[in-house]
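Have a look at data_17.tsv below; it lists TSV, C-alpha atoms.
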chain	number	residue	atom	x	y	z
A	1	MET	CA	34.19	-126.89	11.69
A	2	ASP	CA	33.02	-130.40	12.60
A	3	ASP	CA	30.87	-129.01	15.43
A	4	VAL	CA	29.12	-126.65	13.03
A	5	ASN	CA	28.52	-129.48	10.59
A	6	ILE	CA	27.04	-131.67	13.34
A	7	ALA	CA	24.83	-128.80	14.52
A	8	PHE	CA	23.39	-128.43	11.03
A	9	GLN	CA	22.81	-132.19	10.89
A	10	TYR	CA	20.57	-131.84	13.94
A	11	LEU	CA	18.87	-128.77	12.46
A	12	LEU	CA	18.03	-130.72	9.31
A	13	GLN	CA	15.88	-133.02	11.41
A	14	LEU	CA	13.56	-130.12	12.26
A	15	THR	CA	11.81	-130.08	8.90
A	16	PRO	CA	8.57	-128.39	10.11
A	17	LEU	CA	10.59	-125.58	11.68
A	18	LEU	CA	12.63	-125.06	8.52
A	19	ASP	CA	9.48	-125.13	6.39
A	20	LYS	CA	7.87	-122.50	8.60
A	21	ALA	CA	10.94	-120.28	8.38
A	22	ASP	CA	11.03	-120.64	4.59
A	23	GLN	CA	7.34	-119.83	4.36
A	24	ARG	CA	7.63	-116.71	6.49
A	25	CYS	CA	10.70	-115.40	4.68
A	26	ASN	CA	9.73	-116.71	1.24
A	27	CYS	CA	13.19	-118.18	0.64
A	28	ASP	CA	15.46	-121.13	1.45
A	29	CYS	CA	16.66	-119.95	4.86
A	30	LEU	CA	18.86	-122.95	5.59
A	31	GLY	CA	20.50	-122.80	2.18
A	32	MET	CA	21.37	-119.14	2.62
A	33	LEU	CA	22.70	-119.77	6.13
A	34	LEU	CA	24.87	-122.61	4.83
A	35	GLN	CA	26.27	-120.35	2.10
A	36	GLU	CA	27.19	-117.64	4.61
A	37	CYS	CA	28.86	-120.18	6.92
A	38	ASN	CA	30.79	-121.50	3.95
A	39	LYS	CA	31.98	-118.00	3.04
A	40	LEU	CA	33.20	-117.50	6.61
A	41	GLY	CA	35.08	-120.78	6.60
A	42	LEU	CA	32.81	-122.41	9.16
A	43	LEU	CA	31.79	-125.14	6.71
A	44	SER	CA	33.81	-126.81	3.97
A	45	ASP	CA	32.52	-126.91	0.41
A	46	SER	CA	31.85	-130.63	0.66
A	47	ASN	CA	29.92	-130.30	3.92
A	48	THR	CA	27.90	-127.42	2.50
A	49	THR	CA	26.96	-129.44	-0.57
A	50	CYS	CA	26.11	-132.50	1.51
A	51	LEU	CA	23.92	-130.57	3.95
A	52	THR	CA	22.14	-128.75	1.14
A	53	SER	CA	21.30	-132.02	-0.58
A	54	LYS	CA	19.74	-133.42	2.61
A	55	ARG	CA	17.20	-130.64	2.96
A	56	GLU	CA	13.71	-132.03	2.40
A	57	PHE	CA	11.35	-129.36	1.13
A	58	SER	CA	7.61	-129.33	1.60
A	59	PRO	CA	5.36	-127.53	-0.90
A	60	ARG	CA	5.33	-123.81	-0.14
A	61	LEU	CA	1.92	-122.28	0.38
A	62	LYS	CA	1.14	-118.64	-0.17
A	63	THR	CA	-0.68	-117.37	2.89
A	64	ALA	CA	-1.80	-114.04	4.25
A	65	GLU	CA	1.04	-114.34	6.74
A	66	ASN	CA	3.73	-113.93	4.09
A	67	ALA	CA	1.76	-111.91	1.54
A	68	ASN	CA	3.21	-108.62	2.80
A	69	ILE	CA	6.43	-110.05	4.20
A	70	GLN	CA	9.47	-107.91	4.82
A	71	PRO	CA	12.32	-108.13	2.28
A	72	ASN	CA	13.67	-111.66	2.21
A	73	PRO	CA	17.23	-112.45	3.31
A	74	GLY	CA	18.46	-112.66	-0.28
A	75	LEU	CA	17.48	-109.06	-0.96
A	76	ILE	CA	18.94	-107.97	2.37
A	77	LEU	CA	22.29	-109.56	1.58
A	78	ARG	CA	22.38	-107.87	-1.82
A	79	ALA	CA	21.62	-104.53	-0.17
A	80	GLU	CA	24.68	-104.63	2.11
A	81	PRO	CA	27.05	-102.91	-0.38
A	82	THR	CA	24.43	-100.20	-0.92
A	83	VAL	CA	24.40	-99.46	2.82
A	84	THR	CA	28.17	-98.98	2.76
A	85	ASN	CA	27.95	-96.70	-0.27
A	86	ILE	CA	25.21	-94.59	1.31
A	87	LEU	CA	27.25	-94.15	4.49
A	88	LYS	CA	30.20	-92.96	2.41
A	89	THR	CA	27.99	-90.61	0.40
A	90	VAL	CA	26.48	-89.00	3.49
A	91	ASP	CA	29.99	-88.54	4.93
A	92	ALA	CA	31.14	-86.58	1.88
A	93	ASP	CA	31.22	-82.77	1.84
A	94	HIS	CA	27.91	-81.54	0.41
A	95	SER	CA	28.14	-77.97	1.63
A	96	LYS	CA	28.52	-76.59	-1.91
A	97	SER	CA	25.95	-78.82	-3.58
A	98	PRO	CA	23.44	-80.20	-1.05
A	99	GLU	CA	21.03	-81.06	-3.87
A	100	GLY	CA	22.97	-84.29	-4.41
A	101	LEU	CA	21.81	-85.54	-1.03
A	102	LEU	CA	18.19	-85.24	-2.11
A	103	GLY	CA	18.87	-87.73	-4.90
A	104	VAL	CA	20.28	-90.22	-2.40
A	105	LEU	CA	17.30	-89.81	-0.08
A	106	GLY	CA	14.87	-90.11	-2.98
A	107	HIS	CA	16.45	-93.41	-3.99
A	108	MET	CA	16.16	-94.71	-0.44
A	109	LEU	CA	12.48	-93.83	-0.17
A	110	SER	CA	11.38	-95.53	-3.38
A	111	GLY	CA	9.21	-98.60	-2.80
A	112	LYS	CA	10.44	-100.64	0.16
A	113	SER	CA	14.05	-99.54	-0.24
A	114	LEU	CA	14.25	-97.92	3.19
A	115	ASP	CA	13.07	-101.03	5.05
A	116	LEU	CA	15.43	-103.14	2.98
A	117	LEU	CA	18.42	-100.89	3.67
A	118	LEU	CA	17.62	-100.67	7.38
A	119	ALA	CA	17.37	-104.46	7.57
A	120	ALA	CA	20.73	-104.78	5.80
A	121	ALA	CA	22.28	-102.21	8.15
A	122	ALA	CA	20.90	-104.07	11.18
A	123	ALA	CA	22.14	-107.42	9.86
A	124	THR	CA	25.68	-106.08	9.45
A	125	GLY	CA	25.86	-104.17	12.73
A	126	LYS	CA	25.75	-100.79	10.98
A	127	LEU	CA	22.31	-99.63	12.09
A	128	LYS	CA	23.60	-97.29	14.81
A	129	SER	CA	26.12	-95.81	12.40
A	130	PHE	CA	23.36	-95.47	9.82
A	131	ALA	CA	21.13	-93.62	12.28
A	132	ARG	CA	23.99	-91.41	13.46
A	133	LYS	CA	24.77	-90.38	9.88
A	134	PHE	CA	21.17	-89.35	9.33
A	135	ILE	CA	21.10	-87.38	12.55
A	136	LYS	CA	24.11	-85.56	11.15
A	137	LEU	CA	22.19	-85.09	7.91
A	138	ASN	CA	19.23	-83.74	9.88
A	139	GLU	CA	21.55	-81.16	11.45
A	140	PHE	CA	23.16	-80.31	8.10
A	141	PRO	CA	20.47	-77.81	6.96
A	142	LYS	CA	21.50	-75.53	9.82
A	143	HIS	CA	24.81	-74.98	8.07
A	144	ILE	CA	23.60	-74.31	4.53
A	145	SER	CA	24.47	-70.74	3.68
A	146	GLY	CA	22.22	-68.44	1.71
A	147	GLU	CA	18.49	-67.91	1.90
A	148	GLY	CA	17.48	-67.96	-1.74
A	149	SER	CA	14.29	-69.79	-2.62
A	150	LYS	CA	16.19	-72.82	-3.93
A	151	SER	CA	18.50	-73.00	-0.92
A	152	ALA	CA	15.58	-72.70	1.49
A	153	SER	CA	13.66	-75.41	-0.36
A	154	VAL	CA	16.63	-77.81	-0.31
A	155	ARG	CA	17.22	-77.14	3.36
A	156	ALA	CA	13.58	-77.78	4.23
A	157	LEU	CA	13.47	-81.02	2.23
A	158	LEU	CA	16.69	-82.36	3.75
A	159	PHE	CA	15.41	-81.68	7.24
A	160	ASP	CA	11.92	-83.08	6.66
A	161	ILE	CA	13.01	-86.26	4.88
A	162	SER	CA	15.83	-87.12	7.28
A	163	PHE	CA	13.54	-86.39	10.24
A	164	LEU	CA	10.84	-88.76	8.97
A	165	MET	CA	13.43	-91.43	8.18
A	166	LEU	CA	14.78	-91.23	11.72
A	167	CYS	CA	11.24	-91.52	13.09
A	168	HIS	CA	10.82	-94.69	11.05
A	169	VAL	CA	14.08	-96.09	12.43
A	170	VAL	CA	12.88	-95.48	15.99
A	171	GLN	CA	9.44	-96.96	15.32
A	172	THR	CA	10.98	-100.07	13.76
A	173	TYR	CA	14.05	-100.69	15.93
A	174	GLY	CA	13.45	-98.66	19.10
A	175	SER	CA	14.87	-95.43	20.48
A	176	GLU	CA	17.95	-97.16	21.93
A	177	VAL	CA	19.38	-97.21	18.41
A	178	ILE	CA	19.58	-93.42	18.65
A	179	LEU	CA	20.05	-92.82	22.36
A	180	SER	CA	22.41	-95.63	23.41
A	181	ASP	CA	25.52	-93.76	22.25
A	182	PRO	CA	26.26	-90.10	23.03
A	183	SER	CA	26.57	-87.63	20.20
A	184	PRO	CA	30.20	-87.39	18.98
A	185	SER	CA	30.01	-83.60	18.91
A	186	GLY	CA	29.08	-83.41	22.59
A	187	GLU	CA	25.98	-81.37	21.75
A	188	THR	CA	22.56	-82.98	21.81
A	189	PRO	CA	21.12	-82.89	18.27
A	190	PHE	CA	17.61	-81.60	17.73
A	191	PHE	CA	16.21	-85.01	16.83
A	192	GLU	CA	17.48	-86.61	20.04
A	193	THR	CA	15.92	-83.82	22.09
A	194	TRP	CA	12.63	-84.15	20.24
A	195	LEU	CA	12.72	-87.95	20.53
A	196	GLN	CA	13.11	-87.89	24.31
A	197	THR	CA	10.56	-85.14	24.81
A	198	CYS	CA	7.83	-85.60	22.23
A	199	MET	CA	7.85	-89.00	20.52
A	200	PRO	CA	5.48	-91.54	22.08
A	201	GLU	CA	6.77	-95.06	22.67
A	202	GLU	CA	5.44	-98.12	24.43
A	203	GLY	CA	6.10	-97.84	28.15
A	204	LYS	CA	7.11	-94.19	27.88
A	205	THR	CA	5.17	-91.40	29.58
A	206	LEU	CA	5.30	-87.94	28.07
A	207	ASN	CA	5.11	-84.82	30.20
A	208	PRO	CA	1.93	-82.95	29.16
A	209	ASP	CA	3.19	-79.81	30.88
A	210	HIS	CA	6.31	-79.58	28.75
A	211	PRO	CA	6.47	-76.31	26.76
A	212	CYS	CA	6.51	-78.21	23.47
A	213	PHE	CA	2.92	-79.30	24.14
A	214	ARG	CA	1.85	-75.73	24.84
A	215	PRO	CA	2.42	-73.90	21.56
A	216	GLU	CA	1.79	-70.20	21.24
A	217	PRO	CA	-1.70	-69.69	19.72
A	218	GLY	CA	-0.40	-67.03	17.36
A	219	LYS	CA	2.17	-69.38	15.85
A	220	VAL	CA	-0.43	-72.12	15.41
A	221	GLU	CA	-2.74	-69.73	13.58
A	222	SER	CA	0.13	-68.57	11.37
A	223	LEU	CA	0.99	-72.16	10.49
A	224	VAL	CA	-2.63	-73.01	9.65
A	225	THR	CA	-2.87	-69.91	7.45
A	226	LEU	CA	0.38	-70.80	5.70
A	227	LEU	CA	-0.80	-74.35	5.01
A	228	ASN	CA	-4.18	-73.20	3.73
A	229	ASN	CA	-2.55	-70.70	1.39
A	230	SER	CA	-0.04	-73.22	0.07
A	231	SER	CA	-0.58	-74.54	-3.45
A	232	GLU	CA	0.85	-77.92	-2.43
A	233	MET	CA	-1.03	-78.52	0.79
A	234	LYS	CA	-4.39	-77.41	2.14
A	235	LEU	CA	-6.12	-78.33	5.37
A	236	VAL	CA	-9.61	-79.70	4.82

Take the structure I supplied and represent it as structure tokens, if you would.
Amino acid sequence: MDDVNIAFQYLLQLTPLLDKADQRCNCDCLGMLLQECNKLGLLSDSNTTCLTSKREFSPRLKTAENANIQPNPGLILRAEPTVTNILKTVDADHSKSPEGLLGVLGHMLSGKSLDLLLAAAAATGKLKSFARKFIKLNEFPKHISGEGSKSASVRALLFDISFLMLCHVVQTYGSEVILSDPSPSGETPFFETWLQTCMPEEGKTLNPDHPCFRPEPGKVESLVTLLNNSSEMKLV
């Protein structure tokens, strides 16, 4: 505990660094770090109070650099319980009422909620679990029984939304989040196959001769016709 206290004493001497961190994150980074160390028993209450009082703040300036900053650490910490609840919700049996999952996904996609939840999952070591759950969710539409209009619509939405969310995870945190651990079922999920074959990444070369890049002309024409005849989407 004394070593941690001494380390923070040295850190307090780096005022420009602390100011820069606060400016980028738009919060008191050191104060939040001290609070977390106190919760974990790494710092006593008295040391935490003493260190907090020694922090010398410079006036914060609003700059273009932090105008569109990612969610600050305070919001991320408050989002941690939500991550746990979402993981539990996705694990539940939704085979009889998959519509409930759409409500969960809709909540996650509002505003910057998804980035906030992903940051919270990454900060707590749950990002891989988070991604794995949504791969499972992406596979779930395969098992929805019935082909009524409502069932088909729910299935399509679940697949599309979970697919786009997984793409965002890969773009933000890299494909290793998905590919570093084998699928528990032993079968390679569709998204993993698509990710390795079709999704461009820095330093990754795609095979232009792969069948997925050579679609059948008839199917392409059918898709274009379907989109042009749709009341919700038309190709310009």

Enter the distance from CA of Leu75 in chain A to CA of Lys112 in chain A, in Å, rounded to one decimal.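 Rounded to one decimal, the two atoms are 11.0 Å apart.
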
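Proximity of A:Pro16, A:Val169, A:Ser44, A:Gly74 to Asp28 in chain A, computed with only C-alpha atoms, is greatest for A:Gly74.
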
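With only C-alpha atoms as the atoms that count, the residue of A:Leu102, A:Val90, A:Ala131, A:Pro208 with the shortest distance to Leu157 in chain A is A:Leu102.
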
Measuring atom to atom with all atoms listed in the file, identify which of A:Ile135, A:Val154, A:Leu33, A:Leu43 is nearest to Ser97 in chain A.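 Of all the options, A:Val154 lies closest to Ser97 in chain A.
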
Could you tell me how far CA of Leu195 in chain A sits from CA of Cys212 in chain A, in Å to one decimal place? 11.9 Å

Quick check, in Å to one decimal: how far apart do CA of Ser53 in chain A and CA of Gly31 in chain A lie?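 Straight-line distance from CA of Ser53 in chain A to CA of Gly31 in chain A works out to 9.7 Å.
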
Just the residues within 10 Å of Ile6 in chain A, please, counting only C-alpha atoms, with nothing from its chain fewer than 6 positions along; format it as a PyMOL selection string. chain A and resi 12+47+51

Using the selection just defined, write its residues with C-alpha atoms as a PDB file, in the coordinates of the input.
ATOM      1  CA  LEU A  12      18.030-130.720   9.310  1.00  0.00           C
ATOM      2  CA  ASN A  47      29.920-130.300   3.920  1.00  0.00           C
ATOM      3  CA  LEU A  51      23.920-130.570   3.950  1.00  0.00           C
TER       4      LEU A  51
END

Using all atoms listed in the file, the best pick from A:Leu114, A:Leu34, A:Leu18, A:Pro98 as closest to Glu56 in chain A would be A:Leu18

In the coordinate frame of the file, compute which residues have an atom within 7 Å of (26.1, -123.2, 0.0) when using only C-alpha atoms, and state them as a list in words.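 Every residue inside that radius is included here: Gly31, Met32, Leu34, Gln35, Asn38, Thr48, Thr49 and Thr52 of chain A.
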
Of the listed residues A:Trp194, A:Leu223, A:Ala7, A:Glu201, that which approaches Thr172 in chain A most closely, counting only C-alpha atoms: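 Under the stated criterion, the closest residue is A:Glu201.
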
Need the shell around Asp160 in chain A: protein/DNA/RNA residues with any atom at most 12 Å away, counting only C-alpha atoms. Skip same-chain ones fewer than 6 positions apart. Format as a list in words?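 Listing them by chain and then by number gives Leu102, Leu105, Phe134, Ile135, Leu137, Asn138, Glu139, Phe140, Pro141, Ser153, Val154, Leu166, Cys167 and Phe191 of chain A.
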
Counting only C-alpha atoms, which residues sit no farther than 12 Å from the position (9.9, -125.3, 8.1) in the file's frame? I'd like them as an mmCIF file with C-alpha atoms, keeping the file's coordinate frame.
data_model
loop_
_atom_site.group_PDB
_atom_site.id
_atom_site.type_symbol
_atom_site.label_atom_id
_atom_site.label_comp_id
_atom_site.auth_asym_id
_atom_site.auth_seq_id
_atom_site.Cartn_x
_atom_site.Cartn_y
_atom_site.Cartn_z
ATOM 1 C CA LEU A 11 18.870 -128.770 12.460
ATOM 2 C CA LEU A 12 18.030 -130.720 9.310
ATOM 3 C CA GLN A 13 15.880 -133.020 11.410
ATOM 4 C CA LEU A 14 13.560 -130.120 12.260
ATOM 5 C CA THR A 15 11.810 -130.080 8.900
ATOM 6 C CA PRO A 16 8.570 -128.390 10.110
ATOM 7 C CA LEU A 17 10.590 -125.580 11.680
ATOM 8 C CA LEU A 18 12.630 -125.060 8.520
ATOM 9 C CA ASP A 19 9.480 -125.130 6.390
ATOM 10 C CA LYS A 20 7.870 -122.500 8.600
ATOM 11 C CA ALA A 21 10.940 -120.280 8.380
ATOM 12 C CA ASP A 22 11.030 -120.640 4.590
ATOM 13 C CA GLN A 23 7.340 -119.830 4.360
ATOM 14 C CA ARG A 24 7.630 -116.710 6.490
ATOM 15 C CA CYS A 25 10.700 -115.400 4.680
ATOM 16 C CA ASN A 26 9.730 -116.710 1.240
ATOM 17 C CA CYS A 27 13.190 -118.180 0.640
ATOM 18 C CA ASP A 28 15.460 -121.130 1.450
ATOM 19 C CA CYS A 29 16.660 -119.950 4.860
ATOM 20 C CA LEU A 30 18.860 -122.950 5.590
ATOM 21 C CA ARG A 55 17.200 -130.640 2.960
ATOM 22 C CA GLU A 56 13.710 -132.030 2.400
ATOM 23 C CA PHE A 57 11.350 -129.360 1.130
ATOM 24 C CA SER A 58 7.610 -129.330 1.600
ATOM 25 C CA PRO A 59 5.360 -127.530 -0.900
ATOM 26 C CA ARG A 60 5.330 -123.810 -0.140
ATOM 27 C CA LEU A 61 1.920 -122.280 0.380
#
